[in-house]
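Undergrad: Structure supplied as input-v3.tsv; contents: TSV, C-alpha atoms and all ligand atoms.
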chain	number	residue	atom	x	y	z
A	6	MET	CA	0.00	0.00	0.00
A	7	ASN	CA	0.96	3.67	-0.33
A	8	VAL	CA	0.37	5.26	3.05
A	9	GLY	CA	0.65	8.93	4.08
A	10	ILE	CA	1.49	9.44	7.77
A	11	THR	CA	1.21	12.73	9.64
A	12	CYS	CA	2.25	13.29	13.25
A	13	TYR	CA	3.97	15.76	15.55
A	14	PRO	CA	7.60	15.11	14.62
A	15	THR	CA	9.05	16.40	17.87
A	16	TYR	CA	9.51	14.60	21.18
A	17	GLY	CA	6.27	12.91	22.25
A	18	GLY	CA	4.63	9.52	22.35
A	19	SER	CA	2.27	10.03	19.43
A	20	GLY	CA	5.10	11.04	17.08
A	21	ILE	CA	7.20	8.10	18.23
A	22	VAL	CA	4.38	5.61	17.62
A	23	ALA	CA	3.68	7.11	14.18
A	24	THR	CA	7.35	6.98	13.22
A	25	GLU	CA	7.89	3.43	14.45
A	26	LEU	CA	4.70	2.38	12.64
A	27	GLY	CA	5.97	3.91	9.39
A	28	LEU	CA	9.33	2.14	9.76
A	29	GLU	CA	7.66	-1.21	10.45
A	30	LEU	CA	5.29	-0.79	7.48
A	31	ALA	CA	8.21	0.08	5.18
A	32	ASN	CA	10.04	-3.04	6.39
A	33	ARG	CA	7.00	-5.04	5.40
A	34	GLY	CA	7.06	-3.65	1.85
A	35	HIS	CA	4.68	-0.67	2.02
A	36	GLU	CA	5.61	2.75	0.61
A	37	VAL	CA	5.36	5.20	3.50
A	38	HIS	CA	5.17	8.97	3.02
A	39	PHE	CA	5.69	11.13	6.10
A	40	ILE	CA	4.00	14.52	5.68
A	41	THR	CA	5.16	16.68	8.59
A	42	TYR	CA	6.75	20.06	9.33
A	43	ALA	CA	10.08	18.48	10.36
A	44	ASN	CA	11.81	15.14	10.04
A	45	PRO	CA	10.37	12.92	12.82
A	46	ILE	CA	13.06	12.46	15.51
A	47	ARG	CA	13.35	8.69	15.29
A	48	LEU	CA	13.43	8.65	11.48
A	49	ASP	CA	16.98	8.09	10.28
A	50	PRO	CA	17.29	9.23	6.65
A	51	GLY	CA	17.99	6.83	3.81
A	52	ILE	CA	15.65	3.99	4.73
A	53	PRO	CA	14.15	2.14	1.72
A	54	ARG	CA	10.48	2.89	1.01
A	55	ILE	CA	10.41	5.81	3.47
A	56	HIS	CA	9.69	9.20	1.92
A	57	TYR	CA	9.59	12.53	3.68
A	58	HIS	CA	7.57	15.54	2.51
A	59	GLU	CA	8.10	18.71	4.48
A	60	VAL	CA	5.17	21.03	5.10
A	61	GLU	CA	6.31	24.62	4.75
A	62	VAL	CA	4.22	27.29	6.37
A	63	SER	CA	4.96	30.68	4.89
A	64	SER	CA	4.52	33.68	7.10
A	65	TYR	CA	3.01	36.95	5.95
A	66	PRO	CA	2.62	40.15	8.00
A	67	LEU	CA	-1.16	39.72	7.93
A	68	PHE	CA	-0.94	36.24	9.45
A	69	GLN	CA	-0.62	36.64	13.17
A	70	TYR	CA	-1.11	32.85	13.28
A	71	PRO	CA	0.35	31.17	10.16
A	72	PRO	CA	-2.29	28.67	8.93
A	73	TYR	CA	-0.38	25.38	9.40
A	74	CYS	CA	-3.55	23.34	9.16
A	75	LEU	CA	-4.16	24.63	5.61
A	76	ALA	CA	-0.55	24.23	4.48
A	77	LEU	CA	-0.68	20.66	5.74
A	78	ALA	CA	-3.96	19.96	3.91
A	79	SER	CA	-2.49	21.28	0.63
A	80	ARG	CA	0.65	19.17	1.02
A	81	MET	CA	-1.40	16.08	1.89
A	82	ALA	CA	-3.52	16.51	-1.25
A	83	GLU	CA	-0.43	17.08	-3.44
A	84	VAL	CA	1.43	14.06	-2.07
A	85	ALA	CA	-1.68	11.87	-2.28
A	86	GLU	CA	-2.20	12.74	-5.93
A	87	GLN	CA	1.46	12.50	-7.01
A	88	HIS	CA	2.20	9.27	-5.15
A	89	HIS	CA	-1.21	7.60	-5.47
A	90	LEU	CA	-1.72	7.28	-1.74
A	91	ASP	CA	-4.28	4.67	-0.71
A	92	LEU	CA	-4.96	6.41	2.57
A	93	LEU	CA	-3.80	9.01	5.07
A	94	HIS	CA	-3.11	7.95	8.65
A	95	VAL	CA	-2.95	10.89	11.04
A	96	HIS	CA	-1.75	10.71	14.63
A	97	TYR	CA	-3.29	13.10	17.13
A	98	ALA	CA	-6.65	14.52	16.20
A	99	ILE	CA	-5.84	18.23	16.39
A	100	PRO	CA	-5.33	19.60	13.78
A	101	HIS	CA	-4.19	16.64	11.68
A	102	SER	CA	-7.55	15.02	11.10
A	103	ILE	CA	-9.08	18.32	10.00
A	104	SER	CA	-6.26	18.75	7.46
A	105	ALA	CA	-6.81	15.18	6.25
A	106	MET	CA	-10.52	15.85	5.89
A	107	LEU	CA	-9.77	18.92	3.72
A	108	ALA	CA	-7.26	16.97	1.61
A	109	LYS	CA	-9.86	14.26	1.10
A	110	ASP	CA	-12.43	16.87	-0.05
A	111	MET	CA	-9.90	18.49	-2.38
A	112	LEU	CA	-9.29	15.19	-4.16
A	113	ALA	CA	-12.87	13.93	-4.08
A	114	ARG	CA	-13.50	14.60	-7.77
A	115	VAL	CA	-10.36	12.74	-8.79
A	116	ARG	CA	-10.23	9.84	-6.35
A	117	ARG	CA	-11.23	8.58	-2.93
A	118	LEU	CA	-8.70	9.31	-0.18
A	119	PRO	CA	-9.88	7.78	3.11
A	120	PHE	CA	-8.20	8.84	6.34
A	121	ILE	CA	-7.67	7.15	9.68
A	122	THR	CA	-7.21	9.11	12.89
A	123	THR	CA	-5.32	7.54	15.78
A	124	LEU	CA	-6.18	9.04	19.15
A	125	HIS	CA	-3.25	9.10	21.56
A	126	GLY	CA	-4.53	10.67	24.72
A	127	THR	CA	-3.97	14.33	25.37
A	128	ASP	CA	-5.76	15.12	22.10
A	129	ILE	CA	-8.88	13.76	23.85
A	130	THR	CA	-8.26	14.05	27.59
A	131	LEU	CA	-6.75	17.54	27.68
A	132	VAL	CA	-6.76	19.44	24.41
A	133	GLY	CA	-9.96	18.05	22.93
A	134	THR	CA	-12.02	18.83	26.02
A	135	ASP	CA	-10.87	22.46	26.03
A	136	ARG	CA	-14.10	24.25	25.00
A	137	SER	CA	-12.44	26.01	22.06
A	138	TYR	CA	-11.32	22.70	20.51
A	139	PHE	CA	-14.21	20.49	21.61
A	140	PRO	CA	-16.59	20.93	18.61
A	141	ILE	CA	-13.87	20.60	15.97
A	142	THR	CA	-12.36	17.53	17.65
A	143	LYS	CA	-15.77	15.84	17.80
A	144	TYR	CA	-16.40	16.74	14.15
A	145	SER	CA	-13.02	15.42	13.03
A	146	ILE	CA	-13.64	12.11	14.79
A	147	GLU	CA	-17.06	11.77	13.20
A	148	LYS	CA	-15.67	12.56	9.75
A	149	SER	CA	-12.75	10.10	9.94
A	150	ASP	CA	-13.08	6.97	7.79
A	151	GLY	CA	-11.42	5.00	10.55
A	152	ILE	CA	-10.59	5.73	14.18
A	153	THR	CA	-8.15	3.88	16.37
A	154	SER	CA	-7.38	4.39	20.02
A	155	ILE	CA	-4.27	3.20	21.86
A	156	SER	CA	-6.18	1.70	24.79
A	157	GLU	CA	-9.63	0.61	25.85
A	158	TYR	CA	-9.56	3.39	28.46
A	159	LEU	CA	-9.11	6.03	25.75
A	160	ARG	CA	-11.83	4.46	23.59
A	161	ARG	CA	-14.29	4.72	26.50
A	162	GLN	CA	-13.18	8.29	27.28
A	163	THR	CA	-13.72	9.33	23.66
A	164	VAL	CA	-17.23	7.86	23.61
A	165	ASP	CA	-18.13	9.31	27.05
A	166	VAL	CA	-16.68	12.78	26.51
A	167	PHE	CA	-17.60	13.34	22.88
A	168	GLY	CA	-20.66	11.12	22.53
A	169	VAL	CA	-19.45	9.90	19.15
A	170	ARG	CA	-20.97	6.80	17.57
A	171	ASN	CA	-18.09	5.76	15.32
A	172	ASP	CA	-16.63	2.31	15.67
A	173	ILE	CA	-13.36	3.05	17.51
A	174	ARG	CA	-10.84	0.25	17.08
A	175	VAL	CA	-8.41	-0.32	19.95
A	176	ILE	CA	-4.92	-0.92	18.58
A	177	THR	CA	-2.42	-0.62	21.40
A	178	ASN	CA	1.04	0.90	21.38
A	179	PHE	CA	3.74	-1.56	20.36
A	180	VAL	CA	7.48	-1.99	20.64
A	181	ASN	CA	10.10	-3.61	18.44
A	182	CYS	CA	11.26	-6.43	20.73
A	183	ASP	CA	14.43	-7.02	18.69
A	184	VAL	CA	15.54	-3.43	19.20
A	185	TYR	CA	14.28	-2.99	22.77
A	186	LYS	CA	15.76	-5.94	24.61
A	187	PRO	CA	17.28	-6.76	28.00
A	188	ASP	CA	20.96	-6.24	28.77
A	189	ARG	CA	21.63	-8.54	31.73
A	190	GLU	CA	25.26	-7.43	32.19
A	191	LYS	CA	24.42	-3.71	32.21
A	192	ALA	CA	28.14	-3.12	31.73
A	193	MET	CA	27.70	0.39	30.31
A	194	ALA	CA	25.77	1.50	33.41
A	195	LYS	CA	28.99	2.58	35.06
A	196	CYS	CA	29.49	5.19	32.34
A	197	TYR	CA	26.48	6.99	33.77
A	198	ALA	CA	26.94	6.30	37.50
A	199	PRO	CA	30.52	5.24	38.22
A	200	ALA	CA	30.22	4.27	41.89
A	201	GLU	CA	26.64	4.84	42.76
A	202	GLY	CA	24.81	1.55	42.65
A	203	LYS	CA	21.84	0.80	40.42
A	204	LEU	CA	20.45	3.06	37.72
A	205	LEU	CA	16.86	4.28	37.62
A	206	ILE	CA	15.38	5.93	34.54
A	207	HIS	CA	12.58	8.29	33.58
A	208	VAL	CA	11.75	9.05	29.92
A	209	SER	CA	9.20	11.68	28.94
A	210	ASN	CA	8.55	15.06	27.37
A	211	PHE	CA	8.69	16.70	30.83
A	212	ARG	CA	5.19	18.13	30.64
A	213	PRO	CA	3.26	18.78	33.89
A	214	VAL	CA	1.10	15.67	33.31
A	215	LYS	CA	4.27	13.54	33.79
A	216	ARG	CA	4.83	14.74	37.42
A	217	VAL	CA	8.55	14.85	36.76
A	218	GLN	CA	9.28	16.28	40.21
A	219	ASP	CA	7.90	13.09	41.77
A	220	CYS	CA	10.83	11.26	40.14
A	221	VAL	CA	13.25	13.50	42.05
A	222	ARG	CA	11.34	12.94	45.30
A	223	ILE	CA	11.29	9.17	44.75
A	224	LEU	CA	15.06	9.14	44.12
A	225	ALA	CA	15.61	11.22	47.28
A	226	GLU	CA	13.76	8.54	49.29
A	227	VAL	CA	15.51	5.60	47.61
A	228	VAL	CA	19.06	6.91	48.23
A	229	LYS	CA	18.32	7.02	51.96
A	230	ARG	CA	18.23	3.19	51.84
A	231	ALA	CA	20.32	2.09	48.84
A	232	PRO	CA	22.82	3.63	46.43
A	233	ALA	CA	21.09	4.62	43.18
A	234	HIS	CA	21.41	7.09	40.33
A	235	LEU	CA	18.52	8.50	38.30
A	236	LEU	CA	18.75	9.20	34.56
A	237	MET	CA	16.25	11.78	33.39
A	238	VAL	CA	15.79	11.45	29.62
A	239	GLY	CA	13.88	14.09	27.69
A	240	ASP	CA	13.19	17.78	27.95
A	241	GLY	CA	10.29	20.13	28.43
A	242	PRO	CA	8.81	22.71	30.77
A	243	GLU	CA	9.27	20.66	33.96
A	244	ARG	CA	13.01	20.11	33.53
A	245	VAL	CA	14.22	23.30	35.23
A	246	PRO	CA	11.85	22.93	38.22
A	247	ALA	CA	13.03	19.32	38.60
A	248	GLU	CA	16.69	20.38	38.50
A	249	TYR	CA	15.93	23.04	41.10
A	250	LEU	CA	14.16	20.51	43.34
A	251	ALA	CA	17.11	18.12	43.07
A	252	ARG	CA	19.41	20.85	44.42
A	253	GLU	CA	16.91	21.78	47.11
A	254	LEU	CA	16.71	18.15	48.32
A	255	GLY	CA	20.51	17.81	48.08
A	256	VAL	CA	20.38	14.90	45.63
A	257	GLU	CA	21.69	16.61	42.49
A	258	ARG	CA	24.79	14.39	42.32
A	259	HIS	CA	22.53	11.31	42.21
A	260	ILE	CA	20.66	12.54	39.10
A	261	SER	CA	21.77	13.13	35.50
A	262	PHE	CA	19.54	15.14	33.19
A	263	LEU	CA	20.47	13.77	29.76
A	264	GLY	CA	18.07	15.86	27.63
A	265	LYS	CA	16.50	14.49	24.43
A	266	GLN	CA	18.04	11.23	23.28
A	267	ASN	CA	17.39	9.62	19.89
A	268	HIS	CA	18.43	6.12	20.94
A	269	VAL	CA	16.69	5.39	24.22
A	270	GLU	CA	16.90	1.67	23.41
A	271	ARG	CA	20.62	1.92	24.28
A	272	ILE	CA	20.03	3.56	27.67
A	273	ILE	CA	16.84	1.98	29.06
A	274	PRO	CA	18.28	-1.58	29.34
A	275	LEU	CA	20.99	-0.27	31.69
A	276	ALA	CA	18.42	0.63	34.35
A	277	HIS	CA	16.96	-1.45	37.19
A	278	ALA	CA	13.60	0.32	37.30
A	279	LEU	CA	11.68	2.83	35.18
A	280	LEU	CA	9.74	5.61	36.91
A	281	MET	CA	6.44	6.75	35.41
A	282	PRO	CA	4.64	8.74	38.14
A	283	SER	CA	2.22	10.43	35.66
A	284	GLU	CA	-1.02	12.16	36.54
A	285	LEU	CA	-2.51	10.45	33.48
A	286	GLU	CA	-1.37	8.12	30.72
A	287	SER	CA	-3.69	6.75	28.08
A	288	PHE	CA	-1.23	3.94	27.56
A	289	GLY	CA	2.33	4.68	28.76
A	290	LEU	CA	4.68	3.90	25.88
A	291	ALA	CA	7.80	4.56	27.99
A	292	ALA	CA	6.73	1.84	30.44
A	293	LEU	CA	6.28	-0.61	27.55
A	294	GLU	CA	9.74	0.22	26.20
A	295	GLY	CA	11.11	-0.43	29.70
A	296	MET	CA	9.27	-3.76	29.97
A	297	ALA	CA	10.62	-4.94	26.60
A	298	CYS	CA	14.11	-4.20	27.98
A	299	GLY	CA	13.32	-6.18	31.14
A	300	VAL	CA	13.24	-2.98	33.20
A	301	PRO	CA	10.28	-3.13	35.62
A	302	PRO	CA	8.12	0.00	35.58
A	303	VAL	CA	6.99	1.63	38.82
A	304	ALA	CA	4.00	3.61	37.62
A	305	THR	CA	0.69	5.13	38.66
A	306	ARG	CA	-2.71	3.46	38.47
A	307	VAL	CA	-4.20	5.82	35.89
A	308	GLY	CA	-5.88	5.78	32.47
A	309	GLY	CA	-4.80	2.86	30.30
A	310	VAL	CA	-1.73	1.89	32.35
A	311	PRO	CA	-3.46	-1.06	34.09
A	312	GLU	CA	-4.11	-2.51	30.60
A	313	LEU	CA	-0.32	-2.75	30.25
A	314	ILE	CA	1.04	-3.42	33.73
A	315	SER	CA	-0.23	-6.17	36.07
A	316	ASP	CA	0.55	-4.83	39.51
A	317	GLY	CA	3.12	-6.96	41.35
A	318	VAL	CA	3.66	-9.24	38.38
A	319	ASP	CA	5.44	-7.33	35.61
A	320	GLY	CA	5.68	-3.91	37.29
A	321	TYR	CA	3.99	-1.87	39.99
A	322	LEU	CA	1.03	0.48	40.14
A	323	GLU	CA	0.63	3.02	42.94
A	324	ALA	CA	-1.59	6.04	43.55
A	325	VAL	CA	-0.75	9.34	41.85
A	326	GLY	CA	1.45	11.44	44.15
A	327	ASP	CA	2.17	8.59	46.58
A	328	VAL	CA	5.92	9.10	46.50
A	329	ALA	CA	6.52	6.91	49.58
A	330	ALA	CA	4.80	3.88	48.03
A	331	GLN	CA	6.58	4.30	44.69
A	332	ALA	CA	9.94	4.78	46.46
A	333	ALA	CA	9.34	1.59	48.49
A	334	ARG	CA	8.75	-0.40	45.27
A	335	VAL	CA	11.88	1.01	43.66
A	336	THR	CA	13.95	0.32	46.80
A	337	ALA	CA	12.78	-3.29	46.81
A	338	LEU	CA	13.74	-3.69	43.14
A	339	VAL	CA	17.26	-2.31	43.63
A	340	THR	CA	17.99	-4.26	46.84
A	341	ASP	CA	16.34	-7.65	46.21
A	342	ASP	CA	17.95	-9.34	43.19
A	343	GLU	CA	15.57	-12.28	43.21
A	344	LEU	CA	12.53	-10.02	43.15
A	345	HIS	CA	14.09	-7.89	40.42
A	346	ASP	CA	14.81	-10.91	38.21
A	347	ARG	CA	11.29	-12.25	38.61
A	348	VAL	CA	9.55	-8.95	37.76
A	349	SER	CA	12.06	-8.16	35.01
A	350	GLN	CA	11.46	-11.49	33.26
A	351	ALA	CA	7.69	-11.14	33.58
A	352	ALA	CA	7.89	-7.61	32.13
A	353	ARG	CA	9.79	-8.85	29.08
A	354	ARG	CA	7.32	-11.73	28.69
A	355	THR	CA	4.34	-9.35	28.71
A	356	ALA	CA	5.96	-7.06	26.14
A	357	SER	CA	6.86	-10.01	23.87
A	358	ALA	CA	3.55	-11.83	24.17
A	359	ARG	CA	1.17	-8.90	23.77
A	360	PHE	CA	2.85	-5.77	22.46
A	361	CYS	CA	5.62	-6.70	20.03
A	362	ALA	CA	5.51	-4.92	16.67
A	363	ASP	CA	5.09	-8.25	14.85
A	364	LYS	CA	1.78	-8.74	16.69
A	365	ILE	CA	0.38	-5.21	16.34
A	366	ILE	CA	1.48	-4.10	12.84
A	367	PRO	CA	-0.59	-6.80	11.09
A	368	VAL	CA	-3.62	-5.49	13.00
A	369	TYR	CA	-2.99	-2.05	11.50
A	370	GLU	CA	-2.55	-3.60	8.06
A	371	ARG	CA	-5.87	-5.42	8.30
A	372	TYR	CA	-7.56	-2.22	9.43
A	373	TYR	CA	-6.07	-0.32	6.48
A	374	GLU	CA	-7.45	-2.98	4.10
A	375	GLU	CA	-10.86	-2.71	5.74
A	376	VAL	CA	-11.01	1.10	5.53
A	377	VAL	CA	-9.70	1.24	1.95
A	378	GLY	CA	-11.94	-1.69	0.95
A	379	ALA	CA	-15.05	0.01	2.38
A	380	GLY	CA	-15.03	2.48	-0.51
A	381	ARG	CA	-14.83	-0.09	-3.29
A	401	LIG	O1	2.24	12.49	26.93
A	401	LIG	C1	3.03	12.19	26.02
A	401	LIG	O2	4.03	11.50	26.13
A	401	LIG	C2	2.72	12.72	24.69
A	401	LIG	C3	1.47	12.15	24.16
A	401	LIG	C4	1.40	12.37	22.71
A	401	LIG	O3	0.31	12.25	22.22
A	401	LIG	O4	2.37	12.72	22.02
A	401	LIG	O5	1.44	10.76	24.59
A	401	LIG	C5	0.25	10.04	24.54
A	401	LIG	O6	0.49	9.11	23.50
A	401	LIG	C6	1.43	8.07	23.81
A	401	LIG	C7	1.64	7.22	22.57
A	401	LIG	O7	0.45	6.68	22.10
A	401	LIG	C8	0.90	7.28	25.00
A	401	LIG	O8	1.75	6.18	25.29
A	401	LIG	C9	0.79	8.22	26.22
A	401	LIG	O9	0.23	7.50	27.29
A	401	LIG	C10	-0.11	9.40	25.87
A	401	LIG	N1	0.01	10.40	26.95
A	401	LIG	C11	-0.99	10.70	27.77
A	401	LIG	O10	-2.09	10.17	27.69
A	401	LIG	C12	-0.70	11.73	28.79
Once more with this new file: its structure as structure tokens, please.

TA:
Amino acid sequence: MNVGITCYPTYGGSGIVATELGLELANRGHEVHFITYANPIRLDPGIPRIHYHEVEVSSYPLFQYPPYCLALASRMAEVAEQHHLDLLHVHYAIPHSISAMLAKDMLARVRRLPFITTLHGTDITLVGTDRSYFPITKYSIEKSDGITSISEYLRRQTVDVFGVRNDIRVITNFVNCDVYKPDREKAMAKCYAPAEGKLLIHVSNFRPVKRVQDCVRILAEVVKRAPAHLLMVGDGPERVPAEYLARELGVERHISFLGKQNHVERIIPLAHALLMPSELESFGLAALEGMACGVPPVATRVGGVPELISDGVDGYLEAVGDVAAQAARVTALVTDDELHDRVSQAARRTASARFCADKIIPVYERYYEEVVGAGR
């Protein structure tokens, strides 16, 4: 198939899922056209069957807000016509599905161009419920030829909040289990924490919803009982407050802020536990990446996370903001090798059995066939 994919190309779960999906589809012989305003961060250039079309938004003194949504729609229509796209697959409803809808209308006289919208979470739970975006988000969902959601939780939320009647297909996040894999020796860990015991890791876009400061508080509790060092991977508005808190709690030498990293699959396997203390996660891709690497996640019982983690089996779920409980779980994992091995192996098993790319990508392919076939 010829597939057009649009996503936010910067750091964020939806862009990562879209990029990994495109790479997996290209590996399986599809022609994949990314239509975005920048090269998606995990997309290394020069991969066969991957094409990149940049969306340029020209500014003009009259445009206080350059109309990205329209520039994207024009580019989508152009690419679809030139490269005979079978469908557009947009990630994150706002504004991508509206642009796809316009592109579809623009081509309607020439050919059918169905589009699928994948809902990732904040497009529904935060942005979409903002009154100014609510009607257009609802409309874009209703107009999509196919809708997927990354968890059952998000599917229910979408139906409850927007009252839409579309069939919303749950297709979960996935991970490439050959790329994300355990490293039992963890030999490179000492490059990050020479003499400071086990590594902990947090990976996110450092937005308030991630409760990044809880990671610092958890680390501060853990180091009272066992030597540990926390790697903070990513960047965003909560980074500076977290750095400040680390100094305030006197634990700054036990934490490294690594910023944005393109190859987290090389760093995650070095850790003994992954911290995900989020206020909300519709799925929790970072936890899945940790599990595939045999790194047990210590997370919060929110949104779609219980669909991924079985508490006490392949990771832990605690209440949002309960730093003491999360710190106790992490302390147990870094001090009890037998417990760590058991949870680590179960985490890898869950990732392999339910969320590996080779299980999920065929589900997307079948859905593409269904949506494209519906118009024949
Ligand atoms: O919160 C993020 O990491 C960004 C956000 C996005 O849409 O870019 O992530 C959402 O999509 C991820 C990939 O599908 C999910 O794994 C995250 O759980 C979800 N984030 C939230 O729901 C807060």

Undergrad: Would you mind telling me which residue in A:Gly151, A:Pro213, A:Pro45, A:Pro187 lies nearest to Ala297 in chain A when using all atoms listed in the file?

TA: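 Of A:Gly151, A:Pro213, A:Pro45, A:Pro187, the one nearest Ala297 in chain A is A:Pro187, counting all atoms listed in the file.
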
Undergrad: For ligand LIG 401 (chain A), return the neighbouring residues as a PyMOL selection string (distance at most 6 Å; all atoms listed in the file).

TA: chain A and resi 17-20+22+125-127+155+178+209-210+285-290

Undergrad: For a quick check of understanding, using only C-alpha atoms, which of A:Arg216, A:Ile103, A:Val37, A:Leu293 has the smallest distance to Arg359 in chain A?

TA: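 Among A:Arg216, A:Ile103, A:Val37, A:Leu293, it is A:Leu293 that comes nearest to Arg359 in chain A.
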
Undergrad: For the atom pair CA of Ala332 in chain A and CA of Gly295 in chain A, what is the interatomic distance in Å to one decimal place?

TA: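 Answer for the CA of Ala332 in chain A to CA of Gly295 in chain A separation: 17.6 Å.
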
Undergrad: In terms of the shortest atom-to-atom distance over all atoms listed in the file, which of A:Ile21, A:Lys265, A:Ala362, A:Val300 is closest to Arg189 in chain A?

TA: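 Smallest separation from Arg189 in chain A among the options: A:Val300.
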
Undergrad: So that I can check the surroundings of Arg334 in chain A, please list as a PyMOL selection string every protein, DNA and RNA residue that reaches within 12 Å of it, counting only C-alpha atoms and ignoring chain neighbours fewer than 3 positions away.

TA: chain A and resi 223-224+226-227+277-280+301-305+316-317+320-323+327-331+337-341+344-345+348

Undergrad: Grab the residues selected above and save them as a tab-separated table (two decimals), in the frame of the given file with C-alpha atoms.

TA:
chain	number	residue	atom	x	y	z
A	223	ILE	CA	11.29	9.17	44.75
A	224	LEU	CA	15.06	9.14	44.12
A	226	GLU	CA	13.76	8.54	49.29
A	227	VAL	CA	15.51	5.60	47.61
A	277	HIS	CA	16.96	-1.45	37.19
A	278	ALA	CA	13.60	0.32	37.30
A	279	LEU	CA	11.68	2.83	35.18
A	280	LEU	CA	9.74	5.61	36.91
A	301	PRO	CA	10.28	-3.13	35.62
A	302	PRO	CA	8.12	0.00	35.58
A	303	VAL	CA	6.99	1.63	38.82
A	304	ALA	CA	4.00	3.61	37.62
A	305	THR	CA	0.69	5.13	38.66
A	316	ASP	CA	0.55	-4.83	39.51
A	317	GLY	CA	3.12	-6.96	41.35
A	320	GLY	CA	5.68	-3.91	37.29
A	321	TYR	CA	3.99	-1.87	39.99
A	322	LEU	CA	1.03	0.48	40.14
A	323	GLU	CA	0.63	3.02	42.94
A	327	ASP	CA	2.17	8.59	46.58
A	328	VAL	CA	5.92	9.10	46.50
A	329	ALA	CA	6.52	6.91	49.58
A	330	ALA	CA	4.80	3.88	48.03
A	331	GLN	CA	6.58	4.30	44.69
A	337	ALA	CA	12.78	-3.29	46.81
A	338	LEU	CA	13.74	-3.69	43.14
A	339	VAL	CA	17.26	-2.31	43.63
A	340	THR	CA	17.99	-4.26	46.84
A	341	ASP	CA	16.34	-7.65	46.21
A	344	LEU	CA	12.53	-10.02	43.15
A	345	HIS	CA	14.09	-7.89	40.42
A	348	VAL	CA	9.55	-8.95	37.76

Undergrad: How many Å separate CA of Pro14 in chain A from CA of Val180 in chain A?

TA: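 These atoms are spaced 18.1 Å apart.
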
Undergrad: Counting all atoms listed in the file, which residue out of A:His94, A:Val256, A:Glu59, A:Leu131 sits closest to Leu159 in chain A?

TA: A:Leu131

Undergrad: Please provide the set of residues having any atom within 8 Å of Glu294 in chain A, restricted to only C-alpha atoms, with same-chain residues fewer than 5 positions apart removed, written as a PyMOL selection string.

TA: chain A and resi 180+185+270+273
